[in-house]
>>> print(open('final.cif').read())   # mmCIF, C-alpha atoms and all ligand atoms
data_input
#
loop_
_atom_site.label_atom_id
_atom_site.label_comp_id
_atom_site.auth_asym_id
_atom_site.auth_seq_id
_atom_site.Cartn_x
_atom_site.Cartn_y
_atom_site.Cartn_z
CA GLY A 259 21.11 9.87 23.90
CA GLN A 260 19.67 13.36 24.09
CA ARG A 261 16.06 13.99 25.21
CA ALA A 262 13.60 14.65 22.41
CA LEU A 263 12.71 18.32 21.98
CA THR A 264 9.07 19.40 22.33
CA PRO A 265 7.02 22.28 20.94
CA PRO A 266 7.23 24.12 24.32
CA ASP A 267 11.05 23.82 24.13
CA ILE A 268 10.89 25.49 20.72
CA ALA A 269 8.63 28.28 21.99
CA ALA A 270 11.03 28.87 24.90
CA ARG A 271 13.89 29.50 22.47
CA LYS A 272 12.45 32.94 21.56
CA GLY A 273 15.21 35.52 21.87
CA LYS A 274 17.89 32.88 22.52
CA THR A 275 19.97 30.91 20.01
CA PRO A 276 18.64 30.57 16.45
CA LEU A 277 16.29 27.69 15.68
CA VAL A 278 17.44 25.37 12.91
CA CYS A 279 14.80 23.73 10.75
CA LEU A 280 14.80 21.73 7.51
CA THR A 281 12.19 19.69 5.70
CA ALA A 282 12.38 15.91 5.33
CA TYR A 283 10.09 13.49 3.52
CA THR A 284 11.86 10.14 3.90
CA THR A 285 13.48 8.08 6.65
CA PRO A 286 17.12 8.36 5.50
CA VAL A 287 16.95 12.15 5.07
CA ALA A 288 15.10 12.49 8.39
CA LYS A 289 18.02 10.68 10.09
CA LEU A 290 20.52 13.11 8.56
CA VAL A 291 18.46 16.19 9.44
CA ASP A 292 17.66 14.99 12.99
CA GLU A 293 21.37 15.05 13.88
CA HIS A 294 21.65 18.78 13.36
CA CYS A 295 18.22 20.40 13.51
CA ASP A 296 15.75 21.45 16.20
CA VAL A 297 12.66 21.09 14.03
CA VAL A 298 12.00 18.71 11.13
CA LEU A 299 9.11 19.75 8.92
CA VAL A 300 7.28 17.26 6.75
CA GLY A 301 6.30 20.03 4.36
CA ASP A 302 3.55 19.80 1.77
CA SER A 303 6.37 20.89 -0.54
CA VAL A 304 6.74 17.09 -0.81
CA GLY A 305 4.16 17.27 -3.61
CA MET A 306 6.41 19.45 -5.76
CA VAL A 307 9.77 18.13 -4.61
CA LEU A 308 9.16 14.36 -4.67
CA HIS A 309 5.97 13.93 -6.71
CA GLY A 310 6.42 16.45 -9.53
CA MET A 311 3.21 18.35 -8.79
CA PRO A 312 2.92 21.90 -10.19
CA SER A 313 2.00 23.36 -6.76
CA THR A 314 1.13 22.18 -3.24
CA VAL A 315 -2.61 22.53 -3.92
CA GLY A 316 -2.97 18.88 -4.99
CA VAL A 317 -1.29 17.39 -1.93
CA THR A 318 -3.56 15.09 0.12
CA LEU A 319 -3.81 14.09 3.77
CA GLU A 320 -2.88 10.54 2.71
CA MET A 321 0.39 11.80 1.20
CA MET A 322 1.24 13.77 4.35
CA ILE A 323 0.52 10.73 6.52
CA LEU A 324 2.61 8.39 4.34
CA HIS A 325 5.63 10.73 4.37
CA GLY A 326 5.04 11.59 8.04
CA LYS A 327 5.30 7.91 8.98
CA ALA A 328 8.54 7.60 7.01
CA VAL A 329 10.06 10.67 8.67
CA ARG A 330 8.98 9.59 12.17
CA ARG A 331 11.06 6.40 11.80
CA GLY A 332 14.17 8.51 11.26
CA LEU A 333 13.84 10.93 14.19
CA GLN A 334 15.15 10.82 17.75
CA SER A 335 15.58 14.37 19.01
CA ALA A 336 14.05 16.98 16.68
CA VAL A 337 10.45 18.18 16.92
CA MET A 338 8.44 16.72 14.06
CA VAL A 339 5.91 19.06 12.45
CA VAL A 340 3.61 17.91 9.63
CA ASP A 341 1.95 20.33 7.20
CA MET A 342 -1.83 20.24 6.97
CA PRO A 343 -2.51 20.04 3.22
CA PHE A 344 -4.85 22.30 1.27
CA GLY A 345 -8.49 21.40 1.86
CA SER A 346 -7.93 19.49 5.11
CA TYR A 347 -8.46 22.33 7.62
CA GLU A 348 -10.00 25.49 6.10
CA GLU A 349 -13.67 24.56 6.34
CA SER A 350 -14.07 24.64 10.12
CA PRO A 351 -12.19 24.12 13.37
CA ALA A 352 -13.90 20.72 13.66
CA GLN A 353 -12.67 19.65 10.22
CA ALA A 354 -9.18 20.85 11.11
CA PHE A 355 -9.24 18.92 14.39
CA ARG A 356 -10.30 15.68 12.66
CA SER A 357 -7.53 16.05 10.05
CA ALA A 358 -4.84 17.07 12.54
CA ALA A 359 -5.77 14.31 15.00
CA LEU A 360 -5.50 11.78 12.15
CA VAL A 361 -2.07 13.13 11.21
CA MET A 362 -0.87 12.95 14.80
CA THR A 363 -2.23 9.48 15.60
CA GLU A 364 -1.05 7.99 12.29
CA THR A 365 2.40 9.59 12.15
CA GLY A 366 3.43 10.34 15.72
CA ALA A 367 4.07 14.00 14.86
CA ALA A 368 4.38 16.43 17.77
CA ALA A 369 2.65 19.29 15.95
CA VAL A 370 1.00 20.40 12.74
CA LYS A 371 1.54 23.50 10.60
CA LEU A 372 -1.18 25.35 8.75
CA GLU A 373 -1.13 28.38 6.49
CA GLY A 374 -2.93 31.66 7.06
CA GLY A 375 -3.47 34.48 9.54
CA GLU A 376 -6.77 35.86 10.74
CA SER A 377 -8.69 33.32 8.65
CA VAL A 378 -7.27 30.42 10.69
CA ALA A 379 -7.03 32.07 14.13
CA GLU A 380 -10.18 30.41 15.44
CA THR A 381 -8.91 27.05 14.21
CA ILE A 382 -5.51 27.51 15.87
CA ARG A 383 -7.29 28.35 19.14
CA PHE A 384 -9.51 25.26 18.77
CA LEU A 385 -6.60 22.86 18.10
CA THR A 386 -4.23 24.22 20.75
CA ALA A 387 -7.00 24.07 23.38
CA ARG A 388 -7.40 20.37 22.55
CA GLY A 389 -3.81 19.19 22.75
CA ILE A 390 -2.54 19.83 19.24
CA PRO A 391 0.45 22.17 19.05
CA VAL A 392 0.26 24.38 15.95
CA MET A 393 2.95 26.14 13.94
CA GLY A 394 1.63 29.08 11.90
CA HIS A 395 2.73 30.17 8.41
CA VAL A 396 2.18 33.71 7.10
CA GLY A 397 3.49 35.94 4.33
CA LEU A 398 3.71 33.95 1.10
CA THR A 399 1.44 30.97 1.74
CA PRO A 400 1.97 28.63 -1.22
CA GLN A 401 -1.41 26.89 -0.90
CA ALA A 402 -2.92 30.27 -1.93
CA VAL A 403 -0.84 30.42 -5.14
CA ASN A 404 -3.98 30.58 -7.27
CA ALA A 405 -5.27 33.56 -5.28
CA PHE A 406 -1.87 35.31 -5.26
CA GLY A 407 -1.36 34.61 -8.98
CA GLY A 408 2.17 33.35 -8.39
CA TYR A 409 4.94 33.14 -5.81
CA HIS A 410 5.81 36.85 -5.54
CA ILE A 411 7.24 38.41 -2.41
CA GLN A 412 4.53 39.49 0.04
CA GLY A 413 4.41 42.42 2.45
CA ARG A 414 5.82 45.18 0.28
CA GLY A 415 3.76 48.33 0.79
CA GLU A 416 0.24 48.27 2.24
CA ASP A 417 0.28 44.52 2.47
CA ALA A 418 2.82 44.72 5.31
CA GLU A 419 0.25 45.73 7.88
CA ARG A 420 -1.96 42.75 7.05
CA ILE A 421 0.95 40.34 7.43
CA LEU A 422 1.97 41.87 10.76
CA ARG A 423 -1.64 41.50 11.92
CA ASP A 424 -1.73 37.89 10.66
CA ALA A 425 1.43 37.03 12.62
CA MET A 426 0.16 38.71 15.78
CA THR A 427 -3.19 36.94 15.48
CA VAL A 428 -1.56 33.54 14.96
CA ALA A 429 0.66 34.10 18.02
CA GLU A 430 -2.26 35.24 20.18
CA ALA A 431 -4.32 32.24 19.05
CA GLY A 432 -1.74 29.95 20.66
CA ALA A 433 0.72 28.88 17.94
CA PHE A 434 4.13 27.86 19.38
CA ALA A 435 6.08 29.28 16.41
CA VAL A 436 5.36 30.82 13.02
CA VAL A 437 6.97 30.52 9.60
CA LEU A 438 7.48 33.81 7.77
CA GLU A 439 7.84 33.16 4.04
CA LYS A 440 9.22 35.55 1.43
CA ILE A 441 8.74 38.96 3.05
CA PRO A 442 11.10 41.96 3.30
CA GLU A 443 13.68 42.13 6.09
CA ALA A 444 12.18 45.18 7.81
CA LEU A 445 8.78 43.49 8.12
CA ALA A 446 10.35 40.24 9.38
CA ARG A 447 12.27 42.22 12.02
CA LEU A 448 9.14 44.09 13.11
CA ILE A 449 7.09 40.89 13.41
CA THR A 450 9.90 39.15 15.31
CA GLN A 451 10.02 42.06 17.77
CA GLU A 452 6.26 42.30 18.15
CA ILE A 453 5.27 38.68 18.80
CA ALA A 454 6.09 36.43 21.75
CA ILE A 455 6.71 33.23 19.74
CA PRO A 456 9.71 32.35 17.55
CA THR A 457 9.62 33.36 13.89
CA ILE A 458 11.17 30.88 11.47
CA GLY A 459 12.11 32.51 8.20
CA ILE A 460 12.34 31.27 4.63
CA GLY A 461 13.27 34.12 2.34
CA ALA A 462 12.58 36.38 5.31
CA SER A 463 16.07 37.60 6.34
CA PRO A 464 18.31 36.86 9.34
CA ALA A 465 16.07 39.01 11.56
CA CYS A 466 13.96 35.91 12.32
CA ASP A 467 14.42 33.68 15.39
CA GLY A 468 15.24 30.72 13.15
CA GLN A 469 15.54 29.55 9.56
CA VAL A 470 13.97 26.81 7.45
CA LEU A 471 14.78 25.57 3.95
CA VAL A 472 13.52 22.76 1.77
CA VAL A 473 16.27 20.17 2.21
CA ASP A 474 16.30 19.15 -1.46
CA ASP A 475 16.80 22.82 -2.43
CA MET A 476 19.79 23.39 -0.14
CA LEU A 477 21.33 20.08 -1.24
CA GLY A 478 20.99 21.06 -4.90
CA LEU A 479 18.79 18.02 -5.57
CA PHE A 480 15.83 19.85 -7.05
CA GLY A 481 16.74 20.34 -10.70
CA THR A 482 17.05 23.90 -11.86
CA PHE A 483 14.93 25.60 -9.14
CA ARG A 484 17.19 28.37 -7.81
CA PRO A 485 15.27 31.02 -5.86
CA LYS A 486 17.25 33.92 -4.40
CA PHE A 487 16.54 32.89 -0.80
CA VAL A 488 18.08 29.41 -1.11
CA LYS A 489 21.76 28.94 -0.39
CA ARG A 490 23.02 25.77 -1.99
CA TYR A 491 25.25 23.85 0.40
CA ALA A 492 25.82 21.02 -2.09
CA GLU A 493 25.19 20.20 -5.74
CA LEU A 494 23.86 16.68 -5.33
CA ALA A 495 21.93 16.68 -8.62
CA ASP A 496 25.22 17.28 -10.46
CA ALA A 497 26.95 14.56 -8.42
CA ALA A 498 24.08 12.13 -9.10
CA ASP A 499 24.09 12.96 -12.82
CA ALA A 500 27.82 12.27 -13.07
CA ALA A 501 27.43 9.00 -11.15
CA ILE A 502 24.53 7.78 -13.29
CA MET A 503 26.38 8.68 -16.48
CA ALA A 504 29.47 6.79 -15.27
CA TYR A 505 27.32 3.73 -14.46
CA ALA A 506 25.61 3.84 -17.86
CA ASN A 507 28.98 4.06 -19.63
CA ASP A 508 30.41 1.22 -17.53
CA VAL A 509 27.48 -1.08 -18.36
CA ARG A 510 27.67 -0.24 -22.07
CA GLU A 511 31.46 -0.79 -22.14
CA ARG A 512 31.21 -3.92 -19.92
CA ARG A 513 33.37 -2.30 -17.21
CA PHE A 514 30.68 -3.08 -14.60
CA PRO A 515 30.25 -5.50 -12.92
CA THR A 516 33.81 -6.65 -12.31
CA ALA A 517 35.19 -9.52 -10.21
CA ASP A 518 34.57 -7.37 -7.08
CA HIS A 519 30.82 -7.53 -7.59
CA VAL A 520 30.40 -11.08 -8.79
CA PHE A 521 29.28 -14.11 -6.75
CA GLY A 522 31.75 -16.95 -7.12
CA ASP A 523 31.25 -20.59 -6.28
CA GLU A 524 32.90 -20.61 -2.84
CA SER A 525 30.05 -22.55 -1.23
CA GLY A 526 30.88 -25.52 -3.41
CA THR A 527 27.39 -25.74 -4.86
CA VAL A 528 27.11 -25.01 -8.51
CA SER A 529 23.44 -24.25 -8.64
CA GLY A 530 22.79 -22.64 -5.23
CA GLY A 531 24.09 -19.13 -5.43
CA GLU A 532 24.14 -16.93 -2.37
CA GLY A 533 20.73 -15.36 -2.71
O1 LIG B 601 6.15 22.85 2.67
C1 LIG B 601 7.22 23.35 3.09
O2 LIG B 601 8.33 22.84 2.85
C2 LIG B 601 7.13 24.55 3.94
C3 LIG B 601 8.40 25.23 4.36
C4 LIG B 601 9.22 25.67 3.22
C5 LIG B 601 8.16 26.30 5.34
O3 LIG B 601 6.05 24.94 4.27
NA NA B 602 4.30 23.94 3.31
#
>>> encode(input="final.cif", output="structure tokens")
Amino acid sequence: GQRALTPPDIAARKGKTPLVCLTAYTTPVAKLVDEHCDVVLVGDSVGMVLHGMPSTVGVTLEMMILHGKAVRRGLQSAVMVVDMPFGSYEESPAQAFRSAALVMTETGAAAVKLEGGESVAETIRFLTARGIPVMGHVGLTPQAVNAFGGYHIQGRGEDAERILRDAMTVAEAGAFAVVLEKIPEALARLITQEIAIPTIGIGASPACDGQVLVVDDMLGLFGTFRPKFVKRYAELADAADAAIMAYANDVRERRFPTADHVFGDESGTVSGGEG
């Protein structure tokens, strides 16, 4: 029904109604998210959330392309953004273009996201000048976890000025929106006021132009990971645990399958079965 949104539509939402964004990594979840969101992000969080990796540093371009293809099949209206994984864009603008072009041609994504501020400004300028819309990501940038020494909040104290500068640089380089991750509210408000593109916050307060969460986190599907910035809208891991336990008990007690689930011999052939 409704026309598909584009990166320029997202940029034009600055100062208007809040932008709604969630991650997705699979077709069925992409279908659910597409119904209600403006932006669907195939985040490199897929490595931790679906593949059990200890951080996003080990995520590959091949993984992003595989999950990007799956998500694309589930979308009709939301803007699809695919994360550039660690190692696929930092070396040079040319390397970034090759990786991003591969992501876009293979997956049908409308845009890519990459982490960093001043260090990636030249790359953002290079990609946007060549037809690749870019979403920025500043503040806590998880691909730099080894440099940060953990996932602590960024932008408290002196650090704030650097993050403001990073956000301004990313916006001036041509990004159509920027994720602000895990920074204090006052800094998020300042950045949102100072730059011309929408800010999309995760752990960055309601002062942003939009919000993003990892869908498995907000659905309560991701084990015991409970950061302060995630609101749980469901407890699907608990529901799944109860369902799997009930199934296991039913099989052990021979309560499943019952007549409802059994193929009879209605076709009149004894050996045929119904496939
Ligand atoms: O990988 C991811 O899911 C992200 C969002 C949380 C912003 O980068
Ligand atoms: Na990410």
>>> closest_residue(input="final.cif", among="A:Ile449, A:Glu293, A:Ala352, A:Val298", to="A:Val370", atoms="all atoms listed in the file")
A:Val298
>>> axis_aligned_box(input="final.cif", around="stretch 432-445 of chain A", padding_each_side="3 Å", output="AutoDock Vina command-line options")
--center_x 6.0 --center_y 36.5 --center_z 11.0 --size_x 21.4 --size_y 23.3 --size_z 25.2
>>> closest_residue(input="final.cif", among="A:Ala368, A:Ala454, A:Val470, A:Leu360", to="ligand NA 602 (chain B)", atoms="only C-alpha atoms and all ligand atoms")
A:Val470
>>> residues_around(input="final.cif", residues="A:Pro400", least_positions_apart="2", cutoff="9 Å", atoms="only C-alpha atoms", output="list in words")
Ser303, Ser313, Thr314, Val315, Glu373, Leu398, Ala402, Val403, Asn404, Phe406, Gly408 and Tyr409 of chain A
>>> write_last_selection(input="final.cif", atoms="C-alpha atoms", output="PDB file, in the frame of the given file")
ATOM      1  CA  SER A 303       6.370  20.890  -0.540  1.00  0.00           C
ATOM      2  CA  SER A 313       2.000  23.360  -6.760  1.00  0.00           C
ATOM      3  CA  THR A 314       1.130  22.180  -3.240  1.00  0.00           C
ATOM      4  CA  VAL A 315      -2.610  22.530  -3.920  1.00  0.00           C
ATOM      5  CA  GLU A 373      -1.130  28.380   6.490  1.00  0.00           C
ATOM      6  CA  LEU A 398       3.710  33.950   1.100  1.00  0.00           C
ATOM      7  CA  ALA A 402      -2.920  30.270  -1.930  1.00  0.00           C
ATOM      8  CA  VAL A 403      -0.840  30.420  -5.140  1.00  0.00           C
ATOM      9  CA  ASN A 404      -3.980  30.580  -7.270  1.00  0.00           C
ATOM     10  CA  PHE A 406      -1.870  35.310  -5.260  1.00  0.00           C
ATOM     11  CA  GLY A 408       2.170  33.350  -8.390  1.00  0.00           C
ATOM     12  CA  TYR A 409       4.940  33.140  -5.810  1.00  0.00           C
TER      13      TYR A 409
END
>>> residues_near_ligand(input="final.cif", ligand="ligand NA 602 (chain B)", cutoff="9 Å", atoms="all atoms listed in the file", output="PyMOL selection string")
chain A and resi 299-304+314+340-343+371-373+395+399-401
>>> atom_distance(input="final.cif", atom1="atom CA of A:Ala328", atom2="atom CA of A:Phe355")
22.3 Å
>>> closest_residue(input="final.cif", among="A:Gly366, A:Val509, A:Gly389, A:Val339", to="ligand LIG 601 (chain B)", atoms="all atoms listed in the file")
A:Val339
>>> residues_around(input="final.cif", residues="A:Asp424", least_positions_apart="4", cutoff="9 Å", atoms="all atoms listed in the file", output="PyMOL selection string")
chain A and resi 374-377+379+396-397+419-420+428-429
>>> closest_residue(input="final.cif", among="A:Gly394, A:Leu319, A:Thr386, A:Ala367", to="A:Pro351", atoms="only C-alpha atoms")
A:Thr386
>>> decode(input="final.cif", residues="stretch 386-402 of chain A", atoms="N, CA and C atoms", output="PDB file, in the first residue's frame")
ATOM      1  N   THR A 386      28.698   9.404  -0.036  1.00  0.00           N
ATOM      2  CA  THR A 386      27.471  10.160  -0.323  1.00  0.00           C
ATOM      3  C   THR A 386      27.573  10.853  -1.685  1.00  0.00           C
ATOM      4  N   ALA A 387      28.781  11.242  -2.076  1.00  0.00           N
ATOM      5  CA  ALA A 387      28.975  11.866  -3.395  1.00  0.00           C
ATOM      6  C   ALA A 387      28.801  10.859  -4.522  1.00  0.00           C
ATOM      7  N   ARG A 388      28.806   9.568  -4.186  1.00  0.00           N
ATOM      8  CA  ARG A 388      28.726   8.516  -5.208  1.00  0.00           C
ATOM      9  C   ARG A 388      27.466   7.666  -5.079  1.00  0.00           C
ATOM     10  N   GLY A 389      26.440   8.236  -4.468  1.00  0.00           N
ATOM     11  CA  GLY A 389      25.135   7.577  -4.491  1.00  0.00           C
ATOM     12  C   GLY A 389      24.857   6.603  -3.361  1.00  0.00           C
ATOM     13  N   ILE A 390      25.664   6.646  -2.314  1.00  0.00           N
ATOM     14  CA  ILE A 390      25.416   5.747  -1.182  1.00  0.00           C
ATOM     15  C   ILE A 390      25.041   6.566   0.056  1.00  0.00           C
ATOM     16  N   PRO A 391      23.757   6.575   0.420  1.00  0.00           N
ATOM     17  CA  PRO A 391      23.364   7.278   1.642  1.00  0.00           C
ATOM     18  C   PRO A 391      24.005   6.628   2.868  1.00  0.00           C
ATOM     19  N   VAL A 392      24.483   7.475   3.787  1.00  0.00           N
ATOM     20  CA  VAL A 392      25.196   6.982   4.967  1.00  0.00           C
ATOM     21  C   VAL A 392      24.528   7.487   6.242  1.00  0.00           C
ATOM     22  N   MET A 393      24.340   6.575   7.178  1.00  0.00           N
ATOM     23  CA  MET A 393      23.939   6.913   8.539  1.00  0.00           C
ATOM     24  C   MET A 393      25.207   6.856   9.387  1.00  0.00           C
ATOM     25  N   GLY A 394      25.425   7.888  10.206  1.00  0.00           N
ATOM     26  CA  GLY A 394      26.581   7.909  11.097  1.00  0.00           C
ATOM     27  C   GLY A 394      26.268   7.239  12.426  1.00  0.00           C
ATOM     28  N   HIS A 395      27.277   7.103  13.272  1.00  0.00           N
ATOM     29  CA  HIS A 395      27.118   6.454  14.583  1.00  0.00           C
ATOM     30  C   HIS A 395      28.260   6.961  15.467  1.00  0.00           C
ATOM     31  N   VAL A 396      27.928   7.779  16.456  1.00  0.00           N
ATOM     32  CA  VAL A 396      28.959   8.349  17.338  1.00  0.00           C
ATOM     33  C   VAL A 396      28.576   8.133  18.808  1.00  0.00           C
ATOM     34  N   GLY A 397      29.517   8.471  19.679  1.00  0.00           N
ATOM     35  CA  GLY A 397      29.332   8.212  21.110  1.00  0.00           C
ATOM     36  C   GLY A 397      30.003   6.893  21.418  1.00  0.00           C
ATOM     37  N   LEU A 398      29.270   5.965  22.035  1.00  0.00           N
ATOM     38  CA  LEU A 398      29.809   4.609  22.203  1.00  0.00           C
ATOM     39  C   LEU A 398      29.697   3.886  20.863  1.00  0.00           C
ATOM     40  N   THR A 399      30.841   3.565  20.283  1.00  0.00           N
ATOM     41  CA  THR A 399      30.876   2.845  19.010  1.00  0.00           C
ATOM     42  C   THR A 399      31.413   1.444  19.310  1.00  0.00           C
ATOM     43  N   PRO A 400      30.517   0.441  19.328  1.00  0.00           N
ATOM     44  CA  PRO A 400      30.895  -0.878  19.851  1.00  0.00           C
ATOM     45  C   PRO A 400      32.048  -1.569  19.119  1.00  0.00           C
ATOM     46  N   GLN A 401      32.263  -1.223  17.844  1.00  0.00           N
ATOM     47  CA  GLN A 401      33.396  -1.836  17.136  1.00  0.00           C
ATOM     48  C   GLN A 401      34.734  -1.403  17.746  1.00  0.00           C
ATOM     49  N   ALA A 402      34.732  -0.324  18.530  1.00  0.00           N
ATOM     50  CA  ALA A 402      35.953   0.158  19.182  1.00  0.00           C
ATOM     51  C   ALA A 402      36.043  -0.330  20.628  1.00  0.00           C
TER      52      ALA A 402
END
